[in-house]
Amino acid sequence: MSRFSLDGRKALVTGANTGIGQAIAVALATAGASVTCAGRRSCDETLAAISAAGGKGDGLLLDFADPMAAKDTFAGAGYDILVNNAGIIRRDDATDFSEADWDAVMDVNAKALFFTCQAFAKELLAQGKPGKIVNIASLLSFQGGIRVPSYTASKHAVAGLTKLLANEWAAKGINVNAIAPGYISTNNTEALRNDPARNQAILERIPAGRWGDPEDIADTAVYLAAPASNYVHGAVLNVDGGWLAR
Ligand code: NAP
């Protein structure tokens with residue numbers, strides 16, 4: 001069997017109703033995994049795309065307004081792969097940034113991600129089973145950004161936690177890695193693409209000369225979920241058209 005195949009695996013993807021999470025769910029299913037599409041609303045569109053690709057999946061409502069929402073999701077459920085993709089962003093000047101915008105972003109992007117990893121790994125460790133965790137980081141896991149303090153703090157946390165969890169779990173057969181997407185065409189970045197000056201400035205700085213597609217991230221997620229990446233631990237892989245190399 002190909003070392004890139006996910007045949008017989010069971011995956012859960014958070015925020016799978018749209019954007020990068022949707023593309024990851026479809027790609028994992030196309031590679032052979034049965035995929036639970038988790039979101040705070042229905043993932044019907046993603047499930048239809050999975051069926052159309054000949055794959056298998058189901059839906060699960062998980063709202064990370066409660067960062068502990070996934071604590072009972074994994075016990076006895078047989079998952080091998082977890083993709084922590086759900087994420088939000090809030091923008092304001094640092095001097096005006098509100099506590100509510102700090103807490104909302106940190107809760108979904110960092111706290112929920114950590115406790116979902118914890119619940120997933122506890123189950124695998126109890127069963128003595130190997131597994132794969134793929135966290136979705138950001139260019140703002142490395143750079144400062146502007147007017148997005150809680151997003152930057154949360155995505156630096158994602159990179160740090162990915163390394164910490166890899167240190168604790170690598171010898172126990174759980175690979176923990178992250179993908180740092182560059183500028184990808186999704187709802188999240190629509191405002192930037194609709195601002196001609198920002199759009200042009202962004203495109204001029206991307207060596208590849210184009211926005212990324214969600215599928216660019218999804219293919220990397222398949223690699224990090226598959227046996228092909230068995231010796232990759234604690235990596236934060238940039239998939240950014242060369243942005244960070246500039
Ligand atoms: P998106 O289209 O806005 O998708 C974000 C996903 O997270 C949606 O499914 C969203 O659900 C879900 N989500 C938000 N709050 C949630 C909650 N409380 N509980 C459960 N799910 C929740 O954005 P995207 O671009 O695909 O982003 C996906 C990930 O990639 C995020 O972690 C983001 O930070 C990261 N990322 C994106 C880019 C980019 O250029 N697009 C770059 C770097 C990193 P709803 O649809 O219900 O809101």
# chains A, B, ... in the order shown; residues from 1 in each chain; ligands from 1
>>> select_by_dssp(residues="region 49-195 of chain A", states="alpha helix (DSSP H)", output="ChimeraX atom specification")
/A:49-52,99-106,112-127,149-169,190-193
>>> write_last_selection(atoms="N, CA and C atoms", output="compact mmCIF listing (two decimals), in the first residue's frame")
# COMPACT_ATOMS: atom_id res chain seq x y z
N ALA A 49 -19.36 16.76 -0.89
CA ALA A 49 -18.13 16.72 -1.70
C ALA A 49 -17.37 15.42 -1.45
N ILE A 50 -17.39 14.95 -0.21
CA ILE A 50 -16.73 13.67 0.11
C ILE A 50 -17.41 12.53 -0.63
N SER A 51 -18.74 12.51 -0.59
CA SER A 51 -19.47 11.45 -1.31
C SER A 51 -19.18 11.52 -2.79
N ALA A 52 -19.18 12.74 -3.34
CA ALA A 52 -18.94 12.90 -4.78
C ALA A 52 -17.56 12.37 -5.17
N GLU A 99 -10.88 42.90 25.80
CA GLU A 99 -10.69 41.63 26.49
C GLU A 99 -11.54 40.55 25.81
N ALA A 100 -12.74 40.93 25.36
CA ALA A 100 -13.61 39.94 24.71
C ALA A 100 -12.96 39.39 23.44
N ASP A 101 -12.32 40.27 22.65
CA ASP A 101 -11.67 39.81 21.42
C ASP A 101 -10.40 39.00 21.74
N TRP A 102 -9.76 39.33 22.82
CA TRP A 102 -8.60 38.51 23.25
C TRP A 102 -9.07 37.10 23.62
N ASP A 103 -10.08 37.04 24.50
CA ASP A 103 -10.53 35.74 25.01
C ASP A 103 -11.15 34.88 23.91
N ALA A 104 -11.95 35.47 23.04
CA ALA A 104 -12.64 34.67 22.01
C ALA A 104 -11.62 33.97 21.12
N VAL A 105 -10.61 34.71 20.70
CA VAL A 105 -9.62 34.14 19.77
C VAL A 105 -8.72 33.13 20.50
N MET A 106 -8.28 33.48 21.68
CA MET A 106 -7.41 32.54 22.41
C MET A 106 -8.18 31.25 22.75
N ALA A 112 -8.86 25.62 22.92
CA ALA A 112 -9.61 24.47 22.38
C ALA A 112 -8.66 23.52 21.66
N LEU A 113 -7.70 24.07 20.93
CA LEU A 113 -6.74 23.21 20.21
C LEU A 113 -5.98 22.34 21.21
N PHE A 114 -5.49 22.94 22.29
CA PHE A 114 -4.72 22.14 23.26
C PHE A 114 -5.59 21.05 23.88
N PHE A 115 -6.79 21.42 24.34
CA PHE A 115 -7.59 20.42 25.05
C PHE A 115 -8.18 19.37 24.11
N THR A 116 -8.31 19.71 22.82
CA THR A 116 -8.74 18.69 21.86
C THR A 116 -7.59 17.71 21.61
N CYS A 117 -6.37 18.23 21.49
CA CYS A 117 -5.19 17.33 21.39
C CYS A 117 -5.12 16.43 22.62
N GLN A 118 -5.35 17.02 23.79
CA GLN A 118 -5.25 16.23 25.03
C GLN A 118 -6.26 15.08 25.04
N ALA A 119 -7.51 15.38 24.67
CA ALA A 119 -8.56 14.35 24.70
C ALA A 119 -8.25 13.25 23.68
N PHE A 120 -7.77 13.64 22.50
CA PHE A 120 -7.43 12.69 21.44
C PHE A 120 -6.27 11.78 21.90
N ALA A 121 -5.22 12.40 22.43
CA ALA A 121 -4.02 11.63 22.79
C ALA A 121 -4.27 10.73 23.99
N LYS A 122 -5.06 11.20 24.95
CA LYS A 122 -5.37 10.36 26.13
C LYS A 122 -5.96 9.04 25.69
N GLU A 123 -6.87 9.11 24.71
CA GLU A 123 -7.54 7.90 24.22
C GLU A 123 -6.52 6.99 23.51
N LEU A 124 -5.69 7.56 22.63
CA LEU A 124 -4.71 6.74 21.91
C LEU A 124 -3.72 6.11 22.89
N LEU A 125 -3.26 6.90 23.84
CA LEU A 125 -2.26 6.39 24.79
C LEU A 125 -2.86 5.27 25.64
N ALA A 126 -4.12 5.43 26.01
CA ALA A 126 -4.79 4.38 26.80
C ALA A 126 -4.90 3.08 25.99
N GLN A 127 -5.10 3.22 24.67
CA GLN A 127 -5.24 2.03 23.81
C GLN A 127 -3.89 1.52 23.32
N PRO A 149 -3.63 41.25 17.74
CA PRO A 149 -2.80 40.75 18.84
C PRO A 149 -3.19 39.36 19.33
N SER A 150 -4.48 39.09 19.47
CA SER A 150 -4.84 37.77 20.01
C SER A 150 -4.60 36.68 18.98
N TYR A 151 -4.76 37.00 17.70
CA TYR A 151 -4.50 36.00 16.66
C TYR A 151 -3.01 35.64 16.66
N THR A 152 -2.15 36.66 16.70
CA THR A 152 -0.70 36.40 16.70
C THR A 152 -0.30 35.60 17.94
N ALA A 153 -0.82 36.00 19.10
CA ALA A 153 -0.49 35.26 20.33
C ALA A 153 -0.97 33.81 20.21
N SER A 154 -2.17 33.63 19.68
CA SER A 154 -2.73 32.26 19.61
C SER A 154 -1.95 31.40 18.62
N LYS A 155 -1.51 31.98 17.50
CA LYS A 155 -0.82 31.16 16.50
C LYS A 155 0.65 30.91 16.91
N HIS A 156 1.26 31.84 17.65
CA HIS A 156 2.56 31.50 18.26
C HIS A 156 2.35 30.35 19.25
N ALA A 157 1.24 30.37 19.97
CA ALA A 157 0.94 29.28 20.91
C ALA A 157 0.78 27.96 20.15
N VAL A 158 0.15 27.98 19.00
CA VAL A 158 -0.03 26.73 18.23
C VAL A 158 1.33 26.14 17.86
N ALA A 159 2.26 26.99 17.41
CA ALA A 159 3.60 26.48 17.05
C ALA A 159 4.30 25.92 18.28
N GLY A 160 4.23 26.63 19.39
CA GLY A 160 4.90 26.16 20.61
C GLY A 160 4.30 24.87 21.14
N LEU A 161 2.97 24.82 21.15
CA LEU A 161 2.31 23.60 21.66
C LEU A 161 2.58 22.41 20.77
N THR A 162 2.68 22.64 19.45
CA THR A 162 2.97 21.55 18.52
C THR A 162 4.32 20.92 18.89
N LYS A 163 5.30 21.76 19.22
CA LYS A 163 6.62 21.24 19.58
C LYS A 163 6.58 20.56 20.95
N LEU A 164 5.92 21.20 21.91
CA LEU A 164 5.82 20.59 23.25
C LEU A 164 5.15 19.23 23.19
N LEU A 165 4.03 19.13 22.47
CA LEU A 165 3.30 17.86 22.43
C LEU A 165 4.11 16.81 21.67
N ALA A 166 4.84 17.24 20.64
CA ALA A 166 5.70 16.28 19.92
C ALA A 166 6.76 15.73 20.89
N ASN A 167 7.32 16.60 21.71
CA ASN A 167 8.34 16.13 22.67
C ASN A 167 7.76 15.07 23.62
N GLU A 168 6.51 15.29 24.05
CA GLU A 168 5.93 14.36 25.03
C GLU A 168 5.45 13.06 24.39
N TRP A 169 4.99 13.14 23.13
CA TRP A 169 4.28 11.98 22.57
C TRP A 169 5.00 11.27 21.42
N GLU A 190 -11.13 37.19 2.73
CA GLU A 190 -11.90 37.85 1.68
C GLU A 190 -11.69 39.37 1.71
N ALA A 191 -11.68 39.95 2.92
CA ALA A 191 -11.55 41.41 3.04
C ALA A 191 -10.22 41.87 2.43
N LEU A 192 -9.16 41.08 2.62
CA LEU A 192 -7.85 41.46 2.07
C LEU A 192 -7.87 41.40 0.54
N ARG A 193 -8.50 40.35 0.01
CA ARG A 193 -8.53 40.20 -1.47
C ARG A 193 -9.39 41.28 -2.11
>>> residues_around(residues="region 194-208 of chain A", least_positions_apart="4", cutoff="10 Å", atoms="only C-alpha atoms", output="mmCIF file with N, CA and C atoms, in the first residue's frame")
data_model
loop_
_atom_site.group_PDB
_atom_site.id
_atom_site.type_symbol
_atom_site.label_atom_id
_atom_site.label_comp_id
_atom_site.auth_asym_id
_atom_site.auth_seq_id
_atom_site.Cartn_x
_atom_site.Cartn_y
_atom_site.Cartn_z
ATOM 1 N N GLY A 182 0.213 30.148 4.110
ATOM 2 C CA GLY A 182 0.412 31.545 3.723
ATOM 3 C C GLY A 182 -0.929 32.190 3.469
ATOM 4 N N TYR A 183 -0.999 33.018 2.438
ATOM 5 C CA TYR A 183 -2.253 33.711 2.123
ATOM 6 C C TYR A 183 -3.107 32.802 1.243
ATOM 7 N N THR A 189 -9.924 35.548 4.499
ATOM 8 C CA THR A 189 -9.050 36.525 3.840
ATOM 9 C C THR A 189 -9.779 37.311 2.744
ATOM 10 N N GLU A 190 -11.132 37.188 2.734
ATOM 11 C CA GLU A 190 -11.898 37.848 1.677
ATOM 12 C C GLU A 190 -11.695 39.366 1.710
ATOM 13 N N GLY A 212 -2.689 31.207 -2.280
ATOM 14 C CA GLY A 212 -2.795 29.753 -2.174
ATOM 15 C C GLY A 212 -4.250 29.323 -2.233
ATOM 16 N N ASP A 240 3.350 28.392 1.834
ATOM 17 C CA ASP A 240 3.103 29.834 1.737
ATOM 18 C C ASP A 240 3.582 30.452 0.426
ATOM 19 N N GLY A 241 3.797 29.630 -0.609
ATOM 20 C CA GLY A 241 4.262 30.187 -1.884
ATOM 21 C C GLY A 241 5.614 30.871 -1.781
ATOM 22 N N GLY A 242 6.332 30.591 -0.680
ATOM 23 C CA GLY A 242 7.664 31.167 -0.496
ATOM 24 C C GLY A 242 7.708 32.423 0.357
ATOM 25 N N TRP A 243 6.563 32.852 0.895
ATOM 26 C CA TRP A 243 6.479 34.126 1.647
ATOM 27 C C TRP A 243 7.573 34.258 2.706
ATOM 28 N N LEU A 244 7.770 33.219 3.507
ATOM 29 C CA LEU A 244 8.729 33.337 4.619
ATOM 30 C C LEU A 244 10.179 33.237 4.147
ATOM 31 N N ALA A 245 10.365 32.777 2.912
ATOM 32 C CA ALA A 245 11.727 32.679 2.379
ATOM 33 C C ALA A 245 12.211 34.045 1.892
ATOM 34 N N ARG A 246 11.270 34.977 1.746
ATOM 35 C CA ARG A 246 11.589 36.258 1.118
ATOM 36 C C ARG A 246 12.464 37.094 2.020
#
>>> atom_distance(atom1="CA of Val13 (chain A)", atom2="CA of Ser98 (chain A)")
29.6 Å
>>> residues_near_ligand(ligand="ligand 1", cutoff="7 Å", atoms="only C-alpha atoms and all ligand atoms", output="PyMOL selection string")
chain A and resi 14-21+39-41+62-65+85-89+108-109+136-139+180-189
>>> select_by_dssp(residues="region 55-242 of chain A", states="strand (DSSP E or B)", output="ChimeraX atom specification")
/A:56-61,81-84,131-136,174-181,184,212,236-239
>>> write_last_selection(atoms="N, CA, C and O atoms", output="CSV table (one decimal), in the first residue's frame")
chain,number,residue,atom,x,y,z
A,56,LYS,N,-15.8,8.5,2.4
A,56,LYS,CA,-16.8,8.2,3.5
A,56,LYS,C,-16.6,9.3,4.6
A,56,LYS,O,-15.5,9.7,4.9
A,57,GLY,N,-17.7,9.8,5.1
A,57,GLY,CA,-17.6,10.7,6.2
A,57,GLY,C,-18.9,10.9,7.0
A,57,GLY,O,-19.9,10.3,6.6
A,58,ASP,N,-18.8,11.6,8.1
A,58,ASP,CA,-20.0,11.9,8.9
A,58,ASP,C,-19.8,13.3,9.5
A,58,ASP,O,-18.7,13.8,9.5
A,59,GLY,N,-20.9,13.8,10.1
A,59,GLY,CA,-20.8,15.2,10.7
A,59,GLY,C,-20.9,15.1,12.2
A,59,GLY,O,-21.5,14.2,12.8
A,60,LEU,N,-20.4,16.1,12.8
A,60,LEU,CA,-20.4,16.2,14.3
A,60,LEU,C,-20.5,17.7,14.6
A,60,LEU,O,-19.7,18.5,14.2
A,61,LEU,N,-21.4,18.1,15.5
A,61,LEU,CA,-21.5,19.5,15.9
A,61,LEU,C,-20.5,19.7,17.1
A,61,LEU,O,-20.7,19.0,18.1
A,81,ILE,N,-6.5,10.1,13.5
A,81,ILE,CA,-6.0,11.3,12.9
A,81,ILE,C,-6.9,12.5,13.4
A,81,ILE,O,-8.1,12.4,13.4
A,82,LEU,N,-6.2,13.5,13.9
A,82,LEU,CA,-6.9,14.7,14.3
A,82,LEU,C,-6.3,15.9,13.6
A,82,LEU,O,-5.1,16.2,13.6
A,83,VAL,N,-7.2,16.7,13.0
A,83,VAL,CA,-6.7,18.0,12.4
A,83,VAL,C,-7.4,19.1,13.1
A,83,VAL,O,-8.7,19.3,13.0
A,84,ASN,N,-6.7,19.9,13.8
A,84,ASN,CA,-7.2,21.1,14.5
A,84,ASN,C,-7.1,22.3,13.6
A,84,ASN,O,-6.1,23.0,13.5
A,131,GLY,N,-0.9,7.5,16.3
A,131,GLY,CA,-1.8,8.5,15.7
A,131,GLY,C,-1.1,9.7,15.2
A,131,GLY,O,0.1,9.8,15.3
A,132,LYS,N,-1.9,10.6,14.5
A,132,LYS,CA,-1.3,11.8,13.9
A,132,LYS,C,-2.2,13.0,14.3
A,132,LYS,O,-3.4,13.0,14.1
A,133,ILE,N,-1.5,14.0,14.7
A,133,ILE,CA,-2.2,15.3,14.9
A,133,ILE,C,-1.6,16.4,14.0
A,133,ILE,O,-0.3,16.5,13.8
A,134,VAL,N,-2.4,17.1,13.3
A,134,VAL,CA,-2.0,18.2,12.4
A,134,VAL,C,-2.7,19.4,12.9
A,134,VAL,O,-4.0,19.5,12.9
A,135,ASN,N,-1.9,20.4,13.4
A,135,ASN,CA,-2.5,21.7,13.8
A,135,ASN,C,-2.3,22.7,12.7
A,135,ASN,O,-1.3,22.7,12.0
A,136,ILE,N,-3.3,23.6,12.6
A,136,ILE,CA,-3.2,24.7,11.6
A,136,ILE,C,-2.7,25.9,12.3
A,136,ILE,O,-3.3,26.5,13.1
A,174,ILE,N,2.8,9.0,18.6
A,174,ILE,CA,1.9,10.1,18.1
A,174,ILE,C,2.7,11.2,17.5
A,174,ILE,O,3.6,11.7,18.1
A,175,ASN,N,2.5,11.4,16.2
A,175,ASN,CA,3.1,12.5,15.5
A,175,ASN,C,2.3,13.8,15.7
A,175,ASN,O,1.1,13.8,15.4
A,176,VAL,N,3.0,14.8,16.2
A,176,VAL,CA,2.3,16.1,16.3
A,176,VAL,C,3.0,17.1,15.4
A,176,VAL,O,4.2,17.4,15.7
A,177,ASN,N,2.4,17.6,14.4
A,177,ASN,CA,3.0,18.6,13.5
A,177,ASN,C,2.0,19.7,13.2
A,177,ASN,O,0.8,19.6,13.5
A,178,ALA,N,2.5,20.8,12.5
A,178,ALA,CA,1.6,21.9,12.1
A,178,ALA,C,1.9,22.3,10.7
A,178,ALA,O,2.9,22.1,10.2
A,179,ILE,N,0.9,22.9,10.1
A,179,ILE,CA,1.0,23.5,8.8
A,179,ILE,C,0.8,25.0,9.0
A,179,ILE,O,-0.1,25.5,9.7
A,180,ALA,N,1.8,25.8,8.5
A,180,ALA,CA,1.6,27.3,8.5
A,180,ALA,C,1.2,27.8,7.1
A,180,ALA,O,2.0,27.9,6.2
A,181,PRO,N,-0.1,28.0,6.9
A,181,PRO,CA,-0.5,28.4,5.6
A,181,PRO,C,-0.1,29.9,5.3
A,181,PRO,O,-0.1,30.7,6.3
A,184,ILE,N,-4.2,32.3,1.8
A,184,ILE,CA,-5.0,31.3,1.2
A,184,ILE,C,-6.4,31.9,0.9
A,184,ILE,O,-7.0,32.6,1.8
A,212,GLY,N,-2.7,31.2,-2.3
A,212,GLY,CA,-2.8,29.8,-2.2
A,212,GLY,C,-4.2,29.3,-2.2
A,212,GLY,O,-5.2,30.1,-1.9
A,236,VAL,N,6.7,22.7,12.0
A,236,VAL,CA,5.7,23.6,11.5
A,236,VAL,C,6.1,23.9,10.1
A,236,VAL,O,7.0,24.6,9.8
A,237,LEU,N,5.3,23.3,9.2
A,237,LEU,CA,5.6,23.3,7.8
A,237,LEU,C,5.0,24.5,7.1
A,237,LEU,O,3.8,24.6,7.1
A,238,ASN,N,5.8,25.4,6.5
A,238,ASN,CA,5.3,26.5,5.8
A,238,ASN,C,4.7,26.1,4.4
A,238,ASN,O,5.5,25.5,3.7
A,239,VAL,N,3.5,26.5,4.1
A,239,VAL,CA,2.9,26.2,2.8
A,239,VAL,C,2.4,27.6,2.4
A,239,VAL,O,1.3,27.9,2.6
>>> closest_residue(among="A:Ala11, A:Thr46, A:Gly55, A:Asp213", to="Gly32 (chain A)", atoms="only C-alpha atoms")
A:Gly55
>>> atom_distance(atom1="CA of Leu28 (chain A)", atom2="CA of Asp72 (chain A)")
22.9 Å
>>> closest_residue(among="A:Ala218, A:Gly76, A:Asp107, A:Gly209", to="Ala29 (chain A)", atoms="only C-alpha atoms")
A:Ala218
>>> closest_residue(among="A:Ala48, A:Asp96, A:Ala110, A:Pro130", to="Arg147 (chain A)", atoms="only C-alpha atoms")
A:Asp96
>>> closest_residue(among="A:Gly234, A:Pro214, A:Pro227, A:Gly78", to="Gln22 (chain A)", atoms="only C-alpha atoms")
A:Pro214
>>> closest_residue(among="A:Val232, A:Ile24, A:Ala31, A:Met1", to="Glu215 (chain A)", atoms="only C-alpha atoms")
A:Ile24
>>> atom_distance(atom1="CA of Val26 (chain A)", atom2="CA of Ala53 (chain A)")
7.7 Å
